[in-house]
Amino acid sequence: MSTVDAWRGIAAEEVEEVPAHWSGLLRRRTRRLIASLAAPHRRPLTVIGVAILVSNLAAMAIPFLVGLGIDKGIAGVRRGDYLPIGAITGAIVVCAFGQALLYRVFVAGSGRVGQEILLELRERVFAHFQRLSLAFHERYTTGRMIARLTSDFESIESMFTLGLDTLVNAVLSVVGVGIVLLALDLPLGLVCLVGFIPLAFLTRWYTRESTAAYRVTRNAIALVIVHFTESLRGVRAVHAFRRQERNDEQFQQLSEGYRQAMTHSFRLLGIYWPGIVLVGNLTTAAVLLYGGLRVIDGQMEVGVLASFVLYLRRFFEPLAEVSQFYDSFQAAAAGFEKLSGVLDEEPGVPMPAHGRPLPAGGLAGAVSFHRVRFAYRDGPDILSGFDLEIPAGQTVALLGATGAGKSTVARLLARFYDPSDGEVLIDGIPLSALDAQSLRRAVAMVTQESFIFSGTLAENIAFGAPEVTEEQVIAAARAVGVDSFAAGLGAGYESDVGKSGSRLSAGQRQLVALARAFLADPAVLILDEASSSLDAPMERLVQSALKTVLASRTSLIIAHRLSTVEIADRVLVLEAGRVVEDGPPGRLLAEGAGHYASLHAAWRESLM
Amino acid sequence: MARRGRGTGASTYASLWRLRGFVRPYRIQMLVMLVAAVAAVAASTLIPLVLEAVVDGPIGHHDRAALVPMFFIALGLGIAEAALIVARRRVQAVAIQHVERQIRDDLYARLQRLAVEFHDRWQTGQLLSRATTDLSTIRRFFGFGAIYFIVDGLQYAAVMALLFATYVPLGAVVLVTTLPVIWLAKRFGSGYSLVSRRVQDQQGDLATITEESATGMRVVKAFGRAPLMQERFGTSARTLRLSSLELVRLRARFWGWLTLVPNLTMAFAVLVGGIAVAKGSLSIGALVAFASLLVLLQFPIIDLGWILSMAQQAATAADRVCEIFDAPQVVADRPGAVPLGRAKGRLGFEHVGFTYPGSDRPVLRDVELVIEPGETVAIVGLTGSGKSTLAALPARLYDVTSGRITLDGADVRDLELDSLRRHVSVVFEEPILFSMSVRENVILGRPEASDQEIADALAVAQAGFVYDLPWGLDTRVGEQGLSLSGGQRQRLALARAVVARPSVLVLDDPLSALDVNTEALVEEALGRVLQGTTALLVVHRPSTVALADRVALLHHGVLAAVGTHHELMERPEYARVLAVAKDAGPVR
């Protein structure tokens, strides 16, 4: 293990290699995806196909017309008749314009279809990423998702811009010339076709090798992207701890991995392409020898051999060009393969398209956990047989040490994950029976990281509630104290809070996140460490806002600072996934000896 | 959306030309590629000639003996052509990929060293698209476009010379037809480069939205707002598609016109040449030769279509890449900066003012504060009072906009950046962990730290939980590894600063996610560390203030008061900030 690998440390499931017997499966899946993307464009594809076909025929007609001009036109001029040469010239001009126009139609048309397919695939993959559960994303990581949606598409796009017409050209030439060759002289024609046997083997070899090679490049570039985005996102720490040089080393290793992968795929084409050229040239030489002997033996006309030799060139040259197209197709196929893998991933937390209807008067917000068992991936059970009833409108504070399962309870309630056993219900409806929109009305959660999206401050506050008015945005902002700094941002609520809110302090970001949650107006509100970075006056302001907001609402609050807990109707203390204390804060304090009482005492002390 | 570095006009090739330095080490390989390409073209042109000679010669004369050597010549040429392609691809595979890699590595290195202020402005997606998509565009140009531009140019010139040799008047006519090609190319070039730049910028925007929706996934899920993100992404993707279609249309038009030129020339040659032959001023053989030469001429013209598209895209891509290389290094070593050997750790703020770039509202004004070696000063203030900004200044994450910060009397800007940051460690309010082992995350600032030192630092930060992770200190944490809770992350970030053994420790609300018990333990241990270290603490809670010898109250960017906790308790605004007034504590 190199040093850089040692730095990266050990993590479970690094395996991205594909077992050999999966290859066929992957190719089928990829083919299915490509077919489904191309299907709606059958008509334009036909038009494009016809355009390039006719354009090619027009191009082929030109040499023929030139010959005609030389034979008939000149003779006409000699007779003083300029009509034939004029007509022939005219015909060439018509062919030239026709060819140019149709070629343009082809380039524009195939480009358009390519872009439509890219757009459709982009939206499909993005939508699927959104559907996939957090458990998937935690495993897959943001960098890989970015790589899929950027770099893989790049490989596909370059296939569309890189001469689809060479393919059409080649098919035309090979079929046309093949027929001509067989018609000219059957034995010699068959000799030419023998050349296809090594070509078939060569292509089979190249397909196998390049599929594997491009698969490696996709993985390699993803690693580069992952490292790139992660280290630039954490650039403050990189600077503060002078991490640049070691990062350079690590990046260079990944970058070198990508280079080697690319070089390898380049080399494969560097064998395949000249391989085709070689087969063509060898066949030509063989034809020359065999045909020459046949001519000498009087079994064939010399003119036939001459045509043969000239035609052979037009037979193999397009094939050599196709090899380059095939190369970019293979690169794109690796991208398709990755994307089809994402699309095939079953959403771990699937939402029904049409969920159970919500009650007419809206949800009351009674929450129950019923014999819930849950573990992260292969880890031990965090919760098992967990039962909890929260009546509608109750404010519950969840306490406990790190790892006790507080956040897990919150995430299950927000349906970030589904329990492996048991059910989480709201008003008796299992969360899994709600569609996306109902779930959004039912539950919203303010997480530990208060993420700010690019856009204005107002847009960020209204993030969870698309239909609110500006007044509502400002009211929510004022309730939690966002207005204290909004004015200072320059353009008030219309200020661009920019790249992940880099100009806002952690406390300010938390306020925005809280305002966002209040405005979303869900039946159940979850606050997971949502006020940890606030200063005391802000926290008190938030508390009083919470009192109003939570008065008629079920809520679950996780906080280390007990000041937040003060407004709770009920305190739950978790320990190793079990509720060890449960009751109104006042009563738990009065009893004196419990966890909550001791936590509270410590906290009081910390205030002095 | 903050859009930076948008293209303003048609690209010239200046940026691409600047990148030639990356190609220079491979100039021999480039030459080999060129020669091999020319030779392969020559061989492939020669083969039909040999074949014709064979057909006309030995076969025509029924000369069985002469056939065999000719067969071997054809064979030899055929093998030579293939071998030349192999050679060129081999060289290309190595050289061009190295060039791309080198630019990428340099770009990354540069980005890492650009100041935080730069990264506040630039979207990661825009940077990423430069390091991936743009670089492959540039690589393709150097590997194919540039080579074939020269090969085709040579071929064009050679054929043109042959045309002239055949029949001067027609040659002159053909030469004239070059003019519309040049005119077309010029017109196409400027329009294409504008759109090409737009497409590349929009690719960056799309990458940005992708990055944002990936990193903000939890919030999107928490509020069920996937439809919104889908809409944003869709809008951006559709905008990109529109621009890409514009590129497609431009290409289609240009390529269409290009193919027209040689064919019309051919029509003209047939007309004029045919009449000339009839009038006896040209032999029919010469006309046939002329026509077949004209066919050869169309390949370079048609190739010009994709070569020019590729070149324009590479030129705008190079512009985008050069924008990074050209971005000013605002926080960098001044000329004559001196290394800081051993620091006592006297940190001085002298009339310090700070305004974020692009803003007219100062965040800090005239801050005067001296922290003596070994002293701990807590900064207390309301949200938005400028505490975090103040904490970012000593390590020069930003540079002050007025006044100066001194370490042991020297302006921090006169010290070598690297040595300054070795002496000043910062713990951010939001802990940043990288996808690396626990150990590597902890020794980030001091890779030579011993196991004992790591253990001590982990003990101070109450981060003993790391020993229970599946692979202990070797467990990878961060996004690609094991996910840790907010409190666990904070403790690792704290351990990281402690292990760096800085002269000056800056802690920006580093314990916010800890529960009270852990916090108390950390504070107790931290107190011992702070004995011999100058420290600047941004705090929200009275318990943490207890660690400080003195407290500075920051109010709207101005230092309102400095004194001990007890002295400041007299001031109502101080008590209010820390919520230690009589009504603060909940009494039940």
# chains A, B, ... in the order shown; residues from 1 in each chain; ligands from 1
call {"tool": "residues_around", "arguments": {"residues": "range 44-55 of chain A", "least_positions_apart": "3", "cutoff": "7 Å", "atoms": "only C-alpha atoms", "output": "PyMOL selection string"}}
result
chain A and resi 41+58-59+98-99+102-103+105-106+109-110
call {"tool": "residues_around", "arguments": {"residues": "range 373-380 of chain A", "least_positions_apart": "2", "cutoff": "9 Å", "atoms": "only C-alpha atoms", "output": "PyMOL selection string"}}
result
chain A and resi 135+371+382-386+408+412+417-423
call {"tool": "write_last_selection", "arguments": {"atoms": "N, CA and C atoms", "output": "compact mmCIF listing (two decimals), in the first residue's frame"}}
result
# COMPACT_ATOMS: atom_id res chain seq x y z
N ALA A 135 -29.75 6.52 2.37
CA ALA A 135 -28.84 5.39 2.61
C ALA A 135 -28.01 5.16 1.34
N ARG A 371 -42.98 -1.14 17.17
CA ARG A 371 -42.00 -2.25 17.14
C ARG A 371 -40.95 -2.04 16.04
N ILE A 382 -29.54 -0.28 15.86
CA ILE A 382 -29.57 0.93 16.67
C ILE A 382 -30.84 0.94 17.50
N LEU A 383 -31.90 0.54 16.85
CA LEU A 383 -33.18 0.42 17.55
C LEU A 383 -33.65 -1.01 17.35
N SER A 384 -34.27 -1.59 18.40
CA SER A 384 -34.98 -2.84 18.14
C SER A 384 -36.19 -2.90 19.05
N GLY A 385 -37.30 -3.25 18.45
CA GLY A 385 -38.55 -3.28 19.18
C GLY A 385 -38.87 -1.94 19.82
N PHE A 386 -38.61 -0.87 19.09
CA PHE A 386 -38.78 0.46 19.65
C PHE A 386 -40.24 0.90 19.50
N THR A 408 -31.38 8.83 14.83
CA THR A 408 -32.00 7.74 14.09
C THR A 408 -33.52 7.84 14.19
N LEU A 412 -35.91 8.42 10.99
CA LEU A 412 -36.98 7.48 10.63
C LEU A 412 -38.30 8.22 10.51
N TYR A 417 -34.98 7.12 6.18
CA TYR A 417 -34.79 5.67 6.08
C TYR A 417 -36.11 5.00 6.42
N ASP A 418 -36.23 3.74 6.03
CA ASP A 418 -37.35 2.94 6.48
C ASP A 418 -36.85 1.96 7.52
N PRO A 419 -37.67 1.67 8.51
CA PRO A 419 -37.23 0.68 9.51
C PRO A 419 -37.11 -0.69 8.85
N SER A 420 -36.20 -1.51 9.36
CA SER A 420 -36.08 -2.84 8.77
C SER A 420 -37.23 -3.73 9.26
N ASP A 421 -37.81 -3.36 10.37
CA ASP A 421 -38.98 -4.06 10.90
C ASP A 421 -39.87 -3.03 11.56
N GLY A 422 -41.16 -3.32 11.59
CA GLY A 422 -42.07 -2.41 12.27
C GLY A 422 -42.47 -1.24 11.39
N GLU A 423 -43.15 -0.29 12.00
CA GLU A 423 -43.74 0.79 11.22
C GLU A 423 -43.64 2.12 11.95
call {"tool": "closest_residue", "arguments": {"among": "B:Gly403, B:Gly481, B:Gly224, B:Gly336", "to": "Gly464 in chain A", "atoms": "only C-alpha atoms"}}
result
B:Gly224
call {"tool": "select_by_dssp", "arguments": {"residues": "range 139-366 of chain B", "states": "helix (DSSP H, G or I)", "output": "JSON, numbers by chain"}}
result
{"B": [139, 140, 141, 142, 143, 144, 145, 146, 147, 148, 149, 150, 151, 152, 153, 154, 155, 156, 157, 158, 159, 160, 161, 162, 163, 164, 165, 166, 168, 169, 170, 171, 172, 173, 174, 175, 176, 177, 178, 179, 180, 181, 182, 183, 184, 185, 186, 187, 188, 189, 190, 191, 192, 193, 194, 195, 196, 197, 198, 199, 200, 201, 202, 203, 204, 205, 206, 207, 208, 209, 210, 211, 212, 213, 214, 215, 217, 218, 219, 220, 221, 222, 226, 227, 228, 229, 230, 231, 232, 233, 234, 235, 236, 237, 238, 239, 240, 241, 242, 243, 244, 245, 246, 247, 248, 249, 250, 251, 252, 253, 254, 255, 256, 257, 258, 259, 260, 261, 262, 263, 264, 265, 266, 267, 268, 269, 270, 271, 272, 273, 274, 275, 276, 277, 278, 279, 284, 285, 286, 287, 288, 289, 290, 291, 292, 293, 294, 295, 296, 297, 298, 299, 300, 301, 302, 303, 304, 305, 306, 307, 308, 309, 310, 311, 312, 313, 314, 315, 316, 317, 318, 319, 320, 321, 322, 323, 324, 325, 326]}
call {"tool": "atom_distance", "arguments": {"atom1": "CA of Thr217 in chain A", "atom2": "CA of Gln102 in chain B"}}
result
17.3 Å
call {"tool": "residues_around", "arguments": {"residues": "range 315-328 of chain B", "least_positions_apart": "6", "cutoff": "8 Å", "atoms": "only C-alpha atoms", "output": "JSON, numbers by chain"}}
result
{"B": [5, 11, 12, 13, 14, 15, 16, 19, 107, 110, 111, 114, 130, 131, 134, 135, 137, 138, 193, 196, 197, 200]}
call {"tool": "closest_residue", "arguments": {"among": "A:Phe241, A:Gln115, A:Gly275, A:Ser307", "to": "Val498 in chain B", "atoms": "only C-alpha atoms"}}
result
A:Phe241
call {"tool": "residues_around", "arguments": {"residues": "Thr210 in chain B", "least_positions_apart": "6", "cutoff": "9 Å", "atoms": "only C-alpha atoms", "output": "list in words"}}
result
Phe126, Met145, Ile146, Leu149 and Thr150 of chain A; Gly125 and Phe233 of chain B
call {"tool": "write_last_selection", "arguments": {"atoms": "N, CA and C atoms", "output": "PDB file, in the first residue's frame"}}
result
ATOM      1  N   PHE A 126     -31.171  12.485 -13.060  1.00  0.00           N
ATOM      2  CA  PHE A 126     -31.260  13.412 -11.922  1.00  0.00           C
ATOM      3  C   PHE A 126     -32.476  13.077 -11.073  1.00  0.00           C
ATOM      4  N   MET A 145     -21.906  11.049  -7.549  1.00  0.00           N
ATOM      5  CA  MET A 145     -23.130  11.506  -8.202  1.00  0.00           C
ATOM      6  C   MET A 145     -22.797  12.621  -9.189  1.00  0.00           C
ATOM      7  N   ILE A 146     -21.912  13.519  -8.781  1.00  0.00           N
ATOM      8  CA  ILE A 146     -21.505  14.602  -9.674  1.00  0.00           C
ATOM      9  C   ILE A 146     -20.793  14.032 -10.896  1.00  0.00           C
ATOM     10  N   LEU A 149     -23.227  12.660 -13.383  1.00  0.00           N
ATOM     11  CA  LEU A 149     -24.022  13.651 -14.104  1.00  0.00           C
ATOM     12  C   LEU A 149     -23.175  14.615 -14.936  1.00  0.00           C
ATOM     13  N   THR A 150     -21.885  14.582 -14.792  1.00  0.00           N
ATOM     14  CA  THR A 150     -21.077  15.473 -15.624  1.00  0.00           C
ATOM     15  C   THR A 150     -20.214  14.665 -16.589  1.00  0.00           C
TER      16      THR A 150
ATOM     17  N   GLY B 125     -18.794  23.678  -9.094  1.00  0.00           N
ATOM     18  CA  GLY B 125     -19.163  23.085 -10.385  1.00  0.00           C
ATOM     19  C   GLY B 125     -18.439  23.745 -11.544  1.00  0.00           C
ATOM     20  N   PHE B 233     -32.684  21.959 -12.078  1.00  0.00           N
ATOM     21  CA  PHE B 233     -31.763  21.196 -12.914  1.00  0.00           C
ATOM     22  C   PHE B 233     -32.271  21.166 -14.352  1.00  0.00           C
TER      23      PHE B 233
END
call {"tool": "residues_around", "arguments": {"residues": "range 280-285 of chain A", "least_positions_apart": "5", "cutoff": "7 Å", "atoms": "only C-alpha atoms", "output": "ChimeraX atom specification"}}
result
/A:192,195,309,312,316 /B:71,74-75,78
call {"tool": "write_last_selection", "arguments": {"atoms": "N, CA and C atoms", "output": "JSON list (two decimals), in the first residue's frame"}}
result
[["chain", "number", "residue", "atom", "x", "y", "z"],
["A", 192, "CYS", "N", -11.70, -11.38, -50.91],
["A", 192, "CYS", "CA", -11.84, -10.13, -50.16],
["A", 192, "CYS", "C", -12.65, -10.35, -48.89],
["A", 195, "GLY", "N", -11.19, -11.52, -45.66],
["A", 195, "GLY", "CA", -10.63, -10.50, -44.76],
["A", 195, "GLY", "C", -11.53, -10.19, -43.59],
["A", 309, "VAL", "N", -8.92, -3.50, -57.42],
["A", 309, "VAL", "CA", -7.91, -2.88, -56.57],
["A", 309, "VAL", "C", -8.36, -1.49, -56.12],
["A", 312, "LEU", "N", -11.27, -1.82, -53.60],
["A", 312, "LEU", "CA", -10.90, -2.36, -52.29],
["A", 312, "LEU", "C", -10.59, -1.25, -51.29],
["A", 316, "PHE", "N", -12.20, -0.80, -47.37],
["A", 316, "PHE", "CA", -11.58, -0.87, -46.04],
["A", 316, "PHE", "C", -11.38, 0.49, -45.38],
["B", 71, "PHE", "N", 4.18, -7.75, -55.38],
["B", 71, "PHE", "CA", 3.31, -8.15, -54.28],
["B", 71, "PHE", "C", 3.96, -7.78, -52.95],
["B", 74, "ALA", "N", 3.75, -4.04, -52.33],
["B", 74, "ALA", "CA", 2.41, -3.67, -51.85],
["B", 74, "ALA", "C", 2.25, -4.11, -50.40],
["B", 75, "LEU", "N", 2.70, -5.30, -50.09],
["B", 75, "LEU", "CA", 2.62, -5.82, -48.73],
["B", 75, "LEU", "C", 3.38, -4.92, -47.77],
["B", 78, "GLY", "N", 1.71, -1.67, -47.22],
["B", 78, "GLY", "CA", 0.52, -1.89, -46.38],
["B", 78, "GLY", "C", 0.89, -2.03, -44.93]]
call {"tool": "residues_around", "arguments": {"residues": "Glu346 in chain A", "least_positions_apart": "2", "cutoff": "12 Å", "atoms": "only C-alpha atoms", "output": "count of residues only"}}
result
17
call {"tool": "residues_around", "arguments": {"residues": "range 188-190 of chain B", "least_positions_apart": "3", "cutoff": "9 Å", "atoms": "only C-alpha atoms", "output": "list of chain:residue names"}}
result
B:Gly9, B:Ala10, B:Ser11, B:Thr12, B:Trp183, B:Leu184, B:Ala185, B:Ser193, B:Leu194, B:Leu250, B:Arg251, B:Arg253, B:Phe254, B:Leu308, B:Ser309, B:Gln312
call {"tool": "decode", "arguments": {"residues": "range 412-518 of chain A", "atoms": "C-alpha atoms", "output": "PDB file, in the first residue's frame"}}
result
ATOM      1  CA  LEU A 412     -36.981   7.482  10.632  1.00  0.00           C
ATOM      2  CA  LEU A 413     -39.737   9.953  11.387  1.00  0.00           C
ATOM      3  CA  ALA A 414     -38.644  12.146   8.464  1.00  0.00           C
ATOM      4  CA  ARG A 415     -38.535   8.962   6.379  1.00  0.00           C
ATOM      5  CA  PHE A 416     -34.897   9.387   5.439  1.00  0.00           C
ATOM      6  CA  TYR A 417     -34.791   5.667   6.083  1.00  0.00           C
ATOM      7  CA  ASP A 418     -37.353   2.939   6.481  1.00  0.00           C
ATOM      8  CA  PRO A 419     -37.230   0.680   9.506  1.00  0.00           C
ATOM      9  CA  SER A 420     -36.083  -2.840   8.766  1.00  0.00           C
ATOM     10  CA  ASP A 421     -38.981  -4.060  10.905  1.00  0.00           C
ATOM     11  CA  GLY A 422     -42.065  -2.407  12.267  1.00  0.00           C
ATOM     12  CA  GLU A 423     -43.740   0.794  11.222  1.00  0.00           C
ATOM     13  CA  VAL A 424     -43.702   4.530  11.744  1.00  0.00           C
ATOM     14  CA  LEU A 425     -47.170   6.064  11.493  1.00  0.00           C
ATOM     15  CA  ILE A 426     -48.710   9.507  11.470  1.00  0.00           C
ATOM     16  CA  ASP A 427     -52.349   9.629  12.450  1.00  0.00           C
ATOM     17  CA  GLY A 428     -52.395   5.901  11.917  1.00  0.00           C
ATOM     18  CA  ILE A 429     -51.124   6.157   8.349  1.00  0.00           C
ATOM     19  CA  PRO A 430     -47.796   4.448   7.725  1.00  0.00           C
ATOM     20  CA  LEU A 431     -45.273   6.941   6.358  1.00  0.00           C
ATOM     21  CA  SER A 432     -44.577   4.552   3.506  1.00  0.00           C
ATOM     22  CA  ALA A 433     -48.166   4.944   2.305  1.00  0.00           C
ATOM     23  CA  LEU A 434     -47.782   8.689   1.755  1.00  0.00           C
ATOM     24  CA  ASP A 435     -46.765  10.118  -1.569  1.00  0.00           C
ATOM     25  CA  ALA A 436     -43.995  12.687  -1.789  1.00  0.00           C
ATOM     26  CA  GLN A 437     -46.251  15.697  -1.535  1.00  0.00           C
ATOM     27  CA  SER A 438     -48.251  14.410   1.430  1.00  0.00           C
ATOM     28  CA  LEU A 439     -45.085  13.414   3.212  1.00  0.00           C
ATOM     29  CA  ARG A 440     -43.766  16.926   2.762  1.00  0.00           C
ATOM     30  CA  ARG A 441     -46.921  18.288   4.383  1.00  0.00           C
ATOM     31  CA  ALA A 442     -46.662  15.739   7.134  1.00  0.00           C
ATOM     32  CA  VAL A 443     -43.042  16.070   8.244  1.00  0.00           C
ATOM     33  CA  ALA A 444     -40.191  18.521   7.887  1.00  0.00           C
ATOM     34  CA  MET A 445     -36.845  18.387   9.566  1.00  0.00           C
ATOM     35  CA  VAL A 446     -34.130  20.872  10.332  1.00  0.00           C
ATOM     36  CA  THR A 447     -30.897  18.953  10.249  1.00  0.00           C
ATOM     37  CA  GLN A 448     -27.554  19.608  11.883  1.00  0.00           C
ATOM     38  CA  GLU A 449     -26.085  21.008   8.716  1.00  0.00           C
ATOM     39  CA  SER A 450     -28.038  24.076   7.710  1.00  0.00           C
ATOM     40  CA  PHE A 451     -27.444  23.999   4.013  1.00  0.00           C
ATOM     41  CA  ILE A 452     -27.884  27.203   2.049  1.00  0.00           C
ATOM     42  CA  PHE A 453     -28.733  26.913  -1.628  1.00  0.00           C
ATOM     43  CA  SER A 454     -27.601  29.396  -4.178  1.00  0.00           C
ATOM     44  CA  GLY A 455     -30.193  32.077  -4.726  1.00  0.00           C
ATOM     45  CA  THR A 456     -31.596  34.856  -2.618  1.00  0.00           C
ATOM     46  CA  LEU A 457     -32.181  34.866   1.107  1.00  0.00           C
ATOM     47  CA  ALA A 458     -35.939  34.893   0.481  1.00  0.00           C
ATOM     48  CA  GLU A 459     -35.707  31.887  -1.836  1.00  0.00           C
ATOM     49  CA  ASN A 460     -33.786  30.016   0.791  1.00  0.00           C
ATOM     50  CA  ILE A 461     -36.376  30.715   3.443  1.00  0.00           C
ATOM     51  CA  ALA A 462     -39.185  29.740   1.105  1.00  0.00           C
ATOM     52  CA  PHE A 463     -37.342  26.575   0.099  1.00  0.00           C
ATOM     53  CA  GLY A 464     -39.716  24.248   1.896  1.00  0.00           C
ATOM     54  CA  ALA A 465     -42.891  26.089   0.982  1.00  0.00           C
ATOM     55  CA  PRO A 466     -43.126  26.982  -2.679  1.00  0.00           C
ATOM     56  CA  GLU A 467     -46.539  28.646  -2.473  1.00  0.00           C
ATOM     57  CA  VAL A 468     -45.952  31.258   0.229  1.00  0.00           C
ATOM     58  CA  THR A 469     -46.126  35.019  -0.233  1.00  0.00           C
ATOM     59  CA  GLU A 470     -43.340  37.465   0.340  1.00  0.00           C
ATOM     60  CA  GLU A 471     -45.066  38.739   3.490  1.00  0.00           C
ATOM     61  CA  GLN A 472     -45.113  35.241   4.929  1.00  0.00           C
ATOM     62  CA  VAL A 473     -41.418  34.872   4.179  1.00  0.00           C
ATOM     63  CA  ILE A 474     -40.627  38.096   5.980  1.00  0.00           C
ATOM     64  CA  ALA A 475     -42.880  37.219   8.901  1.00  0.00           C
ATOM     65  CA  ALA A 476     -41.170  33.859   9.355  1.00  0.00           C
ATOM     66  CA  ALA A 477     -37.789  35.512   9.040  1.00  0.00           C
ATOM     67  CA  ARG A 478     -38.684  38.076  11.658  1.00  0.00           C
ATOM     68  CA  ALA A 479     -40.015  35.459  14.048  1.00  0.00           C
ATOM     69  CA  VAL A 480     -36.599  33.793  14.360  1.00  0.00           C
ATOM     70  CA  GLY A 481     -34.475  36.900  14.016  1.00  0.00           C
ATOM     71  CA  VAL A 482     -33.275  36.608  10.433  1.00  0.00           C
ATOM     72  CA  ASP A 483     -34.275  40.251  10.013  1.00  0.00           C
ATOM     73  CA  SER A 484     -31.462  41.206  12.387  1.00  0.00           C
ATOM     74  CA  PHE A 485     -28.910  40.560   9.680  1.00  0.00           C
ATOM     75  CA  ALA A 486     -30.978  40.562   6.483  1.00  0.00           C
ATOM     76  CA  ALA A 487     -30.786  44.329   6.133  1.00  0.00           C
ATOM     77  CA  GLY A 488     -27.016  44.237   6.403  1.00  0.00           C
ATOM     78  CA  LEU A 489     -26.669  41.929   3.428  1.00  0.00           C
ATOM     79  CA  GLY A 490     -27.014  44.720   0.916  1.00  0.00           C
ATOM     80  CA  ALA A 491     -30.183  43.833  -0.915  1.00  0.00           C
ATOM     81  CA  GLY A 492     -32.122  42.600   2.133  1.00  0.00           C
ATOM     82  CA  TYR A 493     -34.112  39.473   1.450  1.00  0.00           C
ATOM     83  CA  GLU A 494     -33.205  39.679  -2.210  1.00  0.00           C
ATOM     84  CA  SER A 495     -29.498  39.418  -1.416  1.00  0.00           C
ATOM     85  CA  ASP A 496     -27.692  36.591  -3.093  1.00  0.00           C
ATOM     86  CA  VAL A 497     -26.506  34.398  -0.259  1.00  0.00           C
ATOM     87  CA  GLY A 498     -24.219  32.764  -2.706  1.00  0.00           C
ATOM     88  CA  LYS A 499     -22.122  29.717  -2.610  1.00  0.00           C
ATOM     89  CA  SER A 500     -23.457  27.565   0.189  1.00  0.00           C
ATOM     90  CA  GLY A 501     -23.976  30.711   2.199  1.00  0.00           C
ATOM     91  CA  SER A 502     -20.274  31.264   2.656  1.00  0.00           C
ATOM     92  CA  ARG A 503     -20.885  34.821   3.834  1.00  0.00           C
ATOM     93  CA  LEU A 504     -23.319  33.797   6.537  1.00  0.00           C
ATOM     94  CA  SER A 505     -22.045  32.648   9.868  1.00  0.00           C
ATOM     95  CA  ALA A 506     -23.071  29.257  11.178  1.00  0.00           C
ATOM     96  CA  GLY A 507     -25.567  30.904  13.502  1.00  0.00           C
ATOM     97  CA  GLN A 508     -27.102  32.920  10.715  1.00  0.00           C
ATOM     98  CA  ARG A 509     -27.431  29.829   8.593  1.00  0.00           C
ATOM     99  CA  GLN A 510     -29.222  28.059  11.401  1.00  0.00           C
ATOM    100  CA  LEU A 511     -31.662  30.927  11.647  1.00  0.00           C
ATOM    101  CA  VAL A 512     -32.376  30.657   7.934  1.00  0.00           C
ATOM    102  CA  ALA A 513     -32.904  26.923   8.306  1.00  0.00           C
ATOM    103  CA  LEU A 514     -35.304  27.490  11.191  1.00  0.00           C
ATOM    104  CA  ALA A 515     -37.269  30.113   9.297  1.00  0.00           C
ATOM    105  CA  ARG A 516     -37.423  27.656   6.430  1.00  0.00           C
ATOM    106  CA  ALA A 517     -38.880  24.990   8.690  1.00  0.00           C
ATOM    107  CA  PHE A 518     -41.448  27.310  10.261  1.00  0.00           C
TER     108      PHE A 518
END
